[in-house]
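Enquirer: Quick one: structure below, then a few questions.
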2 protein chains.
Amino acid sequence: MAVLDAAADLALGTACVPTIDAVASRAGVSRTTIYKWWPSSAAVLAEALLERFHESIEFDDGLAVRDALTLQVDALVRLLRDTPAGALLRQLLAAAASDERLGRALLAQWMDPRRESAVHHVRRGIEQGDLRADVDADLVVDALFAPVYHRLVWGHAPLDAGLAQQVCDLVWPGIAASRTAT
Amino acid sequence: MAVLDAAADLALGTACVPTIDAVASRAGVSRTTIYKWWPSSAAVLAEALLERFHESIEFDDGLAVRDALTLQVDALVRLLRDTPAGALLRQLLAAAASDERLGRALLAQWMDPRRESAVHHVRRGIEQGDLRADVDADLVVDALFAPVYHRLVWGHAPLDAGLAQQVCDLVWPGIAASRTAT
C-alpha cells in the first residue's frame with residue numbers, strides 16, 4: 001500500500017517519524033485520505049514498519065522450537081544491527097518517552113506481533129513436551145529478546161553475531177523439560 | 001556535596017535534566033564552579049544519580065551468590081518502580097538517543113558501576129564453584145537486568161514484585177555448576 005511504503009521509506013531514510021504532509025506527498029494522496037485511516041503519522045509509521053519487516057517474525061512450525069526461537073532472536077539482532085530499523089526504533093522509543101500515543105502504537109504494531117510470534121513457539125514447545133509445562137511464556141520472551149533491545153538502547157555492548165545463540169543457550173536449561181535440558 | 005544533591009533533587013522532581021543555571025542556583029555556587037568540575041549538566045546529573053542511589057548496588061559478599069544477584073535485580077526493580085528514578089532514567093535514555101555525550105555519561109555513571117557490582121558476584125560464584133567456570137559474566141548480567149530495563153522502556157508489562165525472583169530462577173539453571181543447578 002503506497003501510504004505505508006512511503007512512511008517506511010521516509011522513516012528509514014531519516015531515522016525520524018515523518019510528518020503526515022511528507023507521507024502524503026510521497027504517496028501521492030491527500031492528508032485527508034491518511035487521516036481517514038490513521039490517527040497520526042506515528043500510527044502510520046508503526047503499521048508501516050510491521051508490514052515492512054513482517055518476514056522477520058515468520059518462522060516455520062516445522063523447525064524445532066529451540067531453533068525457531070533462536071532464529072527469531074537472531075532475526076531481531078540482524079534487523080536492528082544491519083538495517084536502518086535499529087536507529088529508527090531507538091528514535092521512536094525516545095519519542096515515546098514523551099508521547100503516550102506513540103508508545104501505544106509501538107507496542108501494538110511492533111512489540112505485540114513480535115511477542116505473539118515468540119509466545120506461539122514457546123506454547124508449541126510446551127505442547128510438544130520440549131518445554132516445562134509451568135514456564136511463563138511472557139517471561140521467557142522477555143528473557144530472550146530483552147538483551148537485544150537493551151544493547152540497542154544503552155549501547156554498552158555490540159549486537160554481535162553470536163548473541164542470539166548465546167542468549168538462547170543461557171535461557172534453555174531454565175525452560176527445557178528435563179529430557180531435553182542439555 | 002551540594003552540587004550533586006541539587007542536581008539529583010531537581011532532576012528527580014521534574015524527570016528532566018536540569019540546566020547548569022538551575023543547579024548552580026539551588027546549590028548556591030557559580031556556573032564557573034560547576035564547569036570547573038563537570039563538562040555538562042548531564043554529566044553532573046549522572047554522577048549525582050550514582051551517588052544518590054549507590055546503596056542499591058552494594059551487597060554483602062556474605063550472601064550466597066544467587067541471593068546477592070536476586071537482591072540486586074530486585075533493588076533495581078524497586079528503584080525504577082517506587083522512586084522518581086524510573087521516569088527520570090526513561091527521559092535520560094530518550095535524550096541520549098540524540099546526545100552521545102549524555103549516552104556516555106549514563107554508561108559511565110549509571111550502567112558501568114551497576115554492571116561491575118553484578119559481575120563481581122558472578123565472578124565470586126565462579127570462584128566458589130557455584131557457577132560454571134565458562135559462564136560469560138557480561139552476558140549473564142544482560143540476561144538478569146535487561147528484562148527490568150526492557151519493561152521500563154517499553155511498558156509492555158509491569159515491574160512487579162516477583163520479577164527479580166522469576167528472572168533469576170529462569171537464568172540460574174543455565175549458569176549454575178551442576179551440583180547447584182536446581
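Residues are referred to by chain and number: the chain letter is A, B, ... according to the order shown in the C-alpha cells, the number counts from 1 in that chain, and ligands are numbered separately from 1 in the order shown.
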Determine, counting only C-alpha atoms, which protein, DNA and RNA residues have an atom within 12 Å of an atom of A:Arg132; residues of the same chain fewer than 2 positions away are not included. Present the result as a list in words.
Expert: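 Result of the neighbour search: Val122, Arg123, Arg124, Gly125, Ile126, Glu127, Gln128, Gly129, Asp130, Asp134, Val135, Asp136, Ala137, Val140, Trp172, Pro173, Gly174, Ile175, Ala176, Ala177, Ser178, Arg179, Thr180 and Ala181 of chain A; Leu170 of chain B.
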Enquirer: May I have a table of the residues of chain A lying at most 8 Å from chain B, giving each one's closest pair of atoms and their distance in Å to one decimal, counting only C-alpha atoms, ordered by chain and ascending residue number, as JSON lines?
Expert:
```
{"residue": "A:Arg90", "atom": "CA", "partner": "B:Ala97", "partner_atom": "CA", "distance": 6.6}
{"residue": "A:Gln91", "atom": "CA", "partner": "B:Ala97", "partner_atom": "CA", "distance": 6.3}
{"residue": "A:Leu93", "atom": "CA", "partner": "B:Ala94", "partner_atom": "CA", "distance": 7.1}
{"residue": "A:Ala94", "atom": "CA", "partner": "B:Ala94", "partner_atom": "CA", "distance": 3.9}
{"residue": "A:Ala95", "atom": "CA", "partner": "B:Ala94", "partner_atom": "CA", "distance": 6.9}
{"residue": "A:Ala97", "atom": "CA", "partner": "B:Gln91", "partner_atom": "CA", "distance": 6.3}
{"residue": "A:Ser98", "atom": "CA", "partner": "B:Gln91", "partner_atom": "CA", "distance": 7.9}
{"residue": "A:Gly103", "atom": "CA", "partner": "B:Trp154", "partner_atom": "CA", "distance": 7.4}
{"residue": "A:Leu107", "atom": "CA", "partner": "B:His156", "partner_atom": "CA", "distance": 6.9}
{"residue": "A:Leu139", "atom": "CA", "partner": "B:Val167", "partner_atom": "CA", "distance": 7.5}
{"residue": "A:Val140", "atom": "CA", "partner": "B:Leu170", "partner_atom": "CA", "distance": 8.0}
{"residue": "A:Asp142", "atom": "CA", "partner": "B:Pro147", "partner_atom": "CA", "distance": 5.7}
{"residue": "A:Ala143", "atom": "CA", "partner": "B:Pro147", "partner_atom": "CA", "distance": 6.1}
{"residue": "A:Ala146", "atom": "CA", "partner": "B:Pro147", "partner_atom": "CA", "distance": 5.3}
{"residue": "A:Pro147", "atom": "CA", "partner": "B:Ala146", "partner_atom": "CA", "distance": 5.3}
{"residue": "A:Tyr149", "atom": "CA", "partner": "B:His150", "partner_atom": "CA", "distance": 7.1}
{"residue": "A:His150", "atom": "CA", "partner": "B:Ala146", "partner_atom": "CA", "distance": 5.6}
{"residue": "A:Val153", "atom": "CA", "partner": "B:Leu93", "partner_atom": "CA", "distance": 7.4}
{"residue": "A:Trp154", "atom": "CA", "partner": "B:Leu107", "partner_atom": "CA", "distance": 7.3}
{"residue": "A:His156", "atom": "CA", "partner": "B:Leu107", "partner_atom": "CA", "distance": 6.9}
{"residue": "A:Gln166", "atom": "CA", "partner": "B:Leu139", "partner_atom": "CA", "distance": 7.9}
{"residue": "A:Val167", "atom": "CA", "partner": "B:Ala143", "partner_atom": "CA", "distance": 7.4}
{"residue": "A:Asp169", "atom": "CA", "partner": "B:Gly174", "partner_atom": "CA", "distance": 7.4}
{"residue": "A:Leu170", "atom": "CA", "partner": "B:Gly174", "partner_atom": "CA", "distance": 4.9}
{"residue": "A:Val171", "atom": "CA", "partner": "B:Val171", "partner_atom": "CA", "distance": 5.7}
{"residue": "A:Trp172", "atom": "CA", "partner": "B:Gly174", "partner_atom": "CA", "distance": 6.9}
{"residue": "A:Pro173", "atom": "CA", "partner": "B:Gly174", "partner_atom": "CA", "distance": 5.1}
{"residue": "A:Gly174", "atom": "CA", "partner": "B:Leu170", "partner_atom": "CA", "distance": 4.9}
{"residue": "A:Ile175", "atom": "CA", "partner": "B:Leu170", "partner_atom": "CA", "distance": 7.0}
```
Enquirer: Please give chain A as a PDB file with C-alpha atoms, in the first residue's frame, after it has been superposed on chain B by least squares over all Cα atoms paired in order.
Expert:
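This went into selection27.pdb:
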```pdb
ATOM      1  CA  MET A   1      28.265  17.545  48.036  1.00  0.00           C
ATOM      2  CA  ALA A   2      25.826  20.411  47.448  1.00  0.00           C
ATOM      3  CA  VAL A   3      26.084  20.434  43.641  1.00  0.00           C
ATOM      4  CA  LEU A   4      25.307  16.724  43.327  1.00  0.00           C
ATOM      5  CA  ASP A   5      22.416  16.934  45.781  1.00  0.00           C
ATOM      6  CA  ALA A   6      21.000  19.938  43.953  1.00  0.00           C
ATOM      7  CA  ALA A   7      21.203  18.152  40.584  1.00  0.00           C
ATOM      8  CA  ALA A   8      19.593  14.968  41.937  1.00  0.00           C
ATOM      9  CA  ASP A   9      16.794  16.853  43.717  1.00  0.00           C
ATOM     10  CA  LEU A  10      15.970  18.944  40.658  1.00  0.00           C
ATOM     11  CA  ALA A  11      16.056  16.018  38.253  1.00  0.00           C
ATOM     12  CA  LEU A  12      13.999  13.683  40.440  1.00  0.00           C
ATOM     13  CA  GLY A  13      11.426  16.412  40.965  1.00  0.00           C
ATOM     14  CA  THR A  14      10.974  17.099  37.275  1.00  0.00           C
ATOM     15  CA  ALA A  15      12.121  13.908  35.480  1.00  0.00           C
ATOM     16  CA  CYS A  16      14.310  16.131  33.265  1.00  0.00           C
ATOM     17  CA  VAL A  17      17.990  17.016  33.059  1.00  0.00           C
ATOM     18  CA  PRO A  18      18.283  20.331  34.968  1.00  0.00           C
ATOM     19  CA  THR A  19      20.174  23.239  33.437  1.00  0.00           C
ATOM     20  CA  ILE A  20      23.546  24.251  34.855  1.00  0.00           C
ATOM     21  CA  ASP A  21      21.949  27.539  35.929  1.00  0.00           C
ATOM     22  CA  ALA A  22      19.260  25.731  37.902  1.00  0.00           C
ATOM     23  CA  VAL A  23      21.800  23.479  39.606  1.00  0.00           C
ATOM     24  CA  ALA A  24      24.105  26.407  40.398  1.00  0.00           C
ATOM     25  CA  SER A  25      21.244  28.449  41.813  1.00  0.00           C
ATOM     26  CA  ARG A  26      19.963  25.645  44.030  1.00  0.00           C
ATOM     27  CA  ALA A  27      23.467  24.702  45.222  1.00  0.00           C
ATOM     28  CA  GLY A  28      24.413  28.327  45.873  1.00  0.00           C
ATOM     29  CA  VAL A  29      27.523  28.186  43.678  1.00  0.00           C
ATOM     30  CA  SER A  30      28.525  29.830  40.406  1.00  0.00           C
ATOM     31  CA  ARG A  31      28.233  28.316  36.943  1.00  0.00           C
ATOM     32  CA  THR A  32      32.020  28.595  36.718  1.00  0.00           C
ATOM     33  CA  THR A  33      32.481  26.396  39.774  1.00  0.00           C
ATOM     34  CA  ILE A  34      30.335  23.672  38.215  1.00  0.00           C
ATOM     35  CA  TYR A  35      32.051  23.877  34.827  1.00  0.00           C
ATOM     36  CA  LYS A  36      35.401  23.596  36.591  1.00  0.00           C
ATOM     37  CA  TRP A  37      34.513  20.024  37.585  1.00  0.00           C
ATOM     38  CA  TRP A  38      31.921  18.782  35.085  1.00  0.00           C
ATOM     39  CA  PRO A  39      31.600  19.223  31.308  1.00  0.00           C
ATOM     40  CA  SER A  40      27.801  19.427  31.203  1.00  0.00           C
ATOM     41  CA  SER A  41      24.679  19.323  33.332  1.00  0.00           C
ATOM     42  CA  ALA A  42      24.091  15.788  32.083  1.00  0.00           C
ATOM     43  CA  ALA A  43      27.466  14.765  33.494  1.00  0.00           C
ATOM     44  CA  VAL A  44      26.629  16.382  36.851  1.00  0.00           C
ATOM     45  CA  LEU A  45      23.315  14.564  36.897  1.00  0.00           C
ATOM     46  CA  ALA A  46      24.754  11.180  35.989  1.00  0.00           C
ATOM     47  CA  GLU A  47      27.236  11.437  38.880  1.00  0.00           C
ATOM     48  CA  ALA A  48      24.519  12.753  41.200  1.00  0.00           C
ATOM     49  CA  LEU A  49      22.326   9.744  40.474  1.00  0.00           C
ATOM     50  CA  LEU A  50      25.212   7.358  41.080  1.00  0.00           C
ATOM     51  CA  GLU A  51      25.820   8.977  44.484  1.00  0.00           C
ATOM     52  CA  ARG A  52      22.141   9.176  45.405  1.00  0.00           C
ATOM     53  CA  PHE A  53      21.381   5.541  44.599  1.00  0.00           C
ATOM     54  CA  HIS A  54      24.711   3.915  45.341  1.00  0.00           C
ATOM     55  CA  GLU A  55      23.322   1.796  48.152  1.00  0.00           C
ATOM     56  CA  SER A  56      21.126  -0.036  45.653  1.00  0.00           C
ATOM     57  CA  ILE A  57      24.222  -1.726  44.200  1.00  0.00           C
ATOM     58  CA  GLU A  58      26.038  -2.523  47.439  1.00  0.00           C
ATOM     59  CA  PHE A  59      25.585  -6.067  48.662  1.00  0.00           C
ATOM     60  CA  ASP A  60      27.392  -8.141  51.187  1.00  0.00           C
ATOM     61  CA  ASP A  61      29.765 -10.848  49.978  1.00  0.00           C
ATOM     62  CA  GLY A  62      28.463 -12.861  52.914  1.00  0.00           C
ATOM     63  CA  LEU A  63      25.293 -13.519  50.949  1.00  0.00           C
ATOM     64  CA  ALA A  64      25.025 -16.567  48.721  1.00  0.00           C
ATOM     65  CA  VAL A  65      25.707 -15.522  45.122  1.00  0.00           C
ATOM     66  CA  ARG A  66      22.199 -16.377  43.959  1.00  0.00           C
ATOM     67  CA  ASP A  67      20.692 -14.288  46.766  1.00  0.00           C
ATOM     68  CA  ALA A  68      23.057 -11.377  46.156  1.00  0.00           C
ATOM     69  CA  LEU A  69      22.159 -11.278  42.446  1.00  0.00           C
ATOM     70  CA  THR A  70      18.429 -11.647  43.090  1.00  0.00           C
ATOM     71  CA  LEU A  71      18.517  -8.816  45.652  1.00  0.00           C
ATOM     72  CA  GLN A  72      20.413  -6.639  43.211  1.00  0.00           C
ATOM     73  CA  VAL A  73      17.843  -7.182  40.437  1.00  0.00           C
ATOM     74  CA  ASP A  74      15.067  -6.555  42.958  1.00  0.00           C
ATOM     75  CA  ALA A  75      16.748  -3.341  44.133  1.00  0.00           C
ATOM     76  CA  LEU A  76      16.706  -2.119  40.514  1.00  0.00           C
ATOM     77  CA  VAL A  77      13.028  -3.058  40.131  1.00  0.00           C
ATOM     78  CA  ARG A  78      12.161  -1.102  43.293  1.00  0.00           C
ATOM     79  CA  LEU A  79      14.330   1.863  42.336  1.00  0.00           C
ATOM     80  CA  LEU A  80      12.739   2.176  38.894  1.00  0.00           C
ATOM     81  CA  ARG A  81       9.198   1.450  40.091  1.00  0.00           C
ATOM     82  CA  ASP A  82       8.952   3.116  43.501  1.00  0.00           C
ATOM     83  CA  THR A  83      11.086   6.255  43.122  1.00  0.00           C
ATOM     84  CA  PRO A  84      11.191   9.041  40.528  1.00  0.00           C
ATOM     85  CA  ALA A  85      14.416   7.451  39.233  1.00  0.00           C
ATOM     86  CA  GLY A  86      12.419   5.288  36.808  1.00  0.00           C
ATOM     87  CA  ALA A  87      10.697   8.143  34.990  1.00  0.00           C
ATOM     88  CA  LEU A  88      13.904  10.169  35.100  1.00  0.00           C
ATOM     89  CA  LEU A  89      16.024   7.366  33.652  1.00  0.00           C
ATOM     90  CA  ARG A  90      13.500   6.856  30.864  1.00  0.00           C
ATOM     91  CA  GLN A  91      13.785  10.552  29.977  1.00  0.00           C
ATOM     92  CA  LEU A  92      17.597  10.426  30.170  1.00  0.00           C
ATOM     93  CA  LEU A  93      17.723   7.392  27.871  1.00  0.00           C
ATOM     94  CA  ALA A  94      15.401   9.174  25.455  1.00  0.00           C
ATOM     95  CA  ALA A  95      17.622  12.255  25.464  1.00  0.00           C
ATOM     96  CA  ALA A  96      20.701  10.058  24.999  1.00  0.00           C
ATOM     97  CA  ALA A  97      19.283   8.824  21.673  1.00  0.00           C
ATOM     98  CA  SER A  98      20.261  12.215  20.225  1.00  0.00           C
ATOM     99  CA  ASP A  99      23.075  13.201  22.633  1.00  0.00           C
ATOM    100  CA  GLU A 100      26.118  10.934  22.531  1.00  0.00           C
ATOM    101  CA  ARG A 101      27.826  12.688  25.419  1.00  0.00           C
ATOM    102  CA  LEU A 102      24.832  12.050  27.659  1.00  0.00           C
ATOM    103  CA  GLY A 103      24.798   8.436  26.492  1.00  0.00           C
ATOM    104  CA  ARG A 104      28.441   8.039  27.517  1.00  0.00           C
ATOM    105  CA  ALA A 105      27.776   9.729  30.884  1.00  0.00           C
ATOM    106  CA  LEU A 106      24.862   7.371  31.565  1.00  0.00           C
ATOM    107  CA  LEU A 107      27.002   4.367  30.736  1.00  0.00           C
ATOM    108  CA  ALA A 108      29.921   5.570  32.855  1.00  0.00           C
ATOM    109  CA  GLN A 109      27.931   6.735  35.868  1.00  0.00           C
ATOM    110  CA  TRP A 110      24.804   4.607  35.888  1.00  0.00           C
ATOM    111  CA  MET A 111      25.318   1.393  33.968  1.00  0.00           C
ATOM    112  CA  ASP A 112      29.008   0.567  34.393  1.00  0.00           C
ATOM    113  CA  PRO A 113      29.077   0.697  38.233  1.00  0.00           C
ATOM    114  CA  ARG A 114      25.881  -1.374  38.359  1.00  0.00           C
ATOM    115  CA  ARG A 115      27.251  -3.917  35.913  1.00  0.00           C
ATOM    116  CA  GLU A 116      30.557  -4.100  37.778  1.00  0.00           C
ATOM    117  CA  SER A 117      28.788  -4.821  41.027  1.00  0.00           C
ATOM    118  CA  ALA A 118      26.804  -7.661  39.422  1.00  0.00           C
ATOM    119  CA  VAL A 119      29.848  -9.006  37.561  1.00  0.00           C
ATOM    120  CA  HIS A 120      31.655  -9.094  40.925  1.00  0.00           C
ATOM    121  CA  HIS A 121      29.065 -11.522  42.294  1.00  0.00           C
ATOM    122  CA  VAL A 122      29.103 -13.642  39.128  1.00  0.00           C
ATOM    123  CA  ARG A 123      32.916 -13.936  39.371  1.00  0.00           C
ATOM    124  CA  ARG A 124      32.607 -14.756  43.074  1.00  0.00           C
ATOM    125  CA  GLY A 125      30.155 -17.501  42.110  1.00  0.00           C
ATOM    126  CA  ILE A 126      32.630 -18.936  39.617  1.00  0.00           C
ATOM    127  CA  GLU A 127      35.463 -18.847  42.177  1.00  0.00           C
ATOM    128  CA  GLN A 128      33.320 -20.525  44.815  1.00  0.00           C
ATOM    129  CA  GLY A 129      32.212 -23.222  42.395  1.00  0.00           C
ATOM    130  CA  ASP A 130      28.541 -22.174  42.456  1.00  0.00           C
ATOM    131  CA  LEU A 131      28.608 -21.124  38.809  1.00  0.00           C
ATOM    132  CA  ARG A 132      30.071 -22.865  35.787  1.00  0.00           C
ATOM    133  CA  ALA A 133      33.634 -21.773  35.052  1.00  0.00           C
ATOM    134  CA  ASP A 134      32.782 -20.933  31.442  1.00  0.00           C
ATOM    135  CA  VAL A 135      29.886 -18.514  32.046  1.00  0.00           C
ATOM    136  CA  ASP A 136      30.170 -15.180  30.248  1.00  0.00           C
ATOM    137  CA  ALA A 137      29.714 -12.707  33.104  1.00  0.00           C
ATOM    138  CA  ASP A 138      28.675  -9.833  30.831  1.00  0.00           C
ATOM    139  CA  LEU A 139      26.041 -11.944  29.111  1.00  0.00           C
ATOM    140  CA  VAL A 140      24.690 -13.145  32.468  1.00  0.00           C
ATOM    141  CA  VAL A 141      24.381  -9.555  33.688  1.00  0.00           C
ATOM    142  CA  ASP A 142      22.485  -8.649  30.501  1.00  0.00           C
ATOM    143  CA  ALA A 143      20.166 -11.632  30.975  1.00  0.00           C
ATOM    144  CA  LEU A 144      19.430 -10.708  34.610  1.00  0.00           C
ATOM    145  CA  PHE A 145      18.960  -6.959  34.280  1.00  0.00           C
ATOM    146  CA  ALA A 146      17.801  -6.397  30.679  1.00  0.00           C
ATOM    147  CA  PRO A 147      14.212  -7.587  31.346  1.00  0.00           C
ATOM    148  CA  VAL A 148      13.878  -4.872  34.012  1.00  0.00           C
ATOM    149  CA  TYR A 149      15.071  -2.056  31.749  1.00  0.00           C
ATOM    150  CA  HIS A 150      13.061  -3.547  28.868  1.00  0.00           C
ATOM    151  CA  ARG A 151       9.807  -3.205  30.840  1.00  0.00           C
ATOM    152  CA  LEU A 152      10.740   0.340  31.898  1.00  0.00           C
ATOM    153  CA  VAL A 153      11.399   1.448  28.309  1.00  0.00           C
ATOM    154  CA  TRP A 154       8.526  -0.346  26.523  1.00  0.00           C
ATOM    155  CA  GLY A 155       5.944  -0.533  29.303  1.00  0.00           C
ATOM    156  CA  HIS A 156       4.514  -3.798  27.928  1.00  0.00           C
ATOM    157  CA  ALA A 157       4.432  -5.417  31.387  1.00  0.00           C
ATOM    158  CA  PRO A 158       4.706  -4.156  34.963  1.00  0.00           C
ATOM    159  CA  LEU A 159       7.800  -4.103  37.156  1.00  0.00           C
ATOM    160  CA  ASP A 160       6.040  -6.405  39.578  1.00  0.00           C
ATOM    161  CA  ALA A 161       7.186  -7.677  42.927  1.00  0.00           C
ATOM    162  CA  GLY A 162       8.052 -11.172  41.746  1.00  0.00           C
ATOM    163  CA  LEU A 163      10.053 -10.149  38.676  1.00  0.00           C
ATOM    164  CA  ALA A 164      13.572 -10.346  40.141  1.00  0.00           C
ATOM    165  CA  GLN A 165      12.977 -13.796  41.603  1.00  0.00           C
ATOM    166  CA  GLN A 166      11.365 -15.051  38.378  1.00  0.00           C
ATOM    167  CA  VAL A 167      14.209 -13.819  36.179  1.00  0.00           C
ATOM    168  CA  CYS A 168      16.873 -15.239  38.484  1.00  0.00           C
ATOM    169  CA  ASP A 169      15.071 -18.585  38.705  1.00  0.00           C
ATOM    170  CA  LEU A 170      14.883 -18.689  34.908  1.00  0.00           C
ATOM    171  CA  VAL A 171      18.565 -17.871  34.370  1.00  0.00           C
ATOM    172  CA  TRP A 172      20.038 -19.922  37.216  1.00  0.00           C
ATOM    173  CA  PRO A 173      19.906 -23.413  35.667  1.00  0.00           C
ATOM    174  CA  GLY A 174      21.813 -22.053  32.649  1.00  0.00           C
ATOM    175  CA  ILE A 175      24.715 -20.763  34.747  1.00  0.00           C
ATOM    176  CA  ALA A 176      24.858 -22.966  37.847  1.00  0.00           C
ATOM    177  CA  ALA A 177      27.574 -25.549  38.329  1.00  0.00           C
ATOM    178  CA  SER A 178      25.916 -28.947  38.052  1.00  0.00           C
ATOM    179  CA  ARG A 179      25.991 -29.577  41.800  1.00  0.00           C
ATOM    180  CA  THR A 180      23.842 -26.445  42.386  1.00  0.00           C
ATOM    181  CA  ALA A 181      21.684 -26.419  39.244  1.00  0.00           C
ATOM    182  CA  THR A 182      18.312 -26.816  40.965  1.00  0.00           C
TER     183      THR A 182
END
```
Enquirer: Running DSSP on the backbone, which parts of stretch 3-150 of chain B land in alpha helix (DSSP H), as a PyMOL selection string?
Expert: chain B and resi 3-14+20-27+31-37+41-52+65-82+85-96+100-106+112-128+137-150
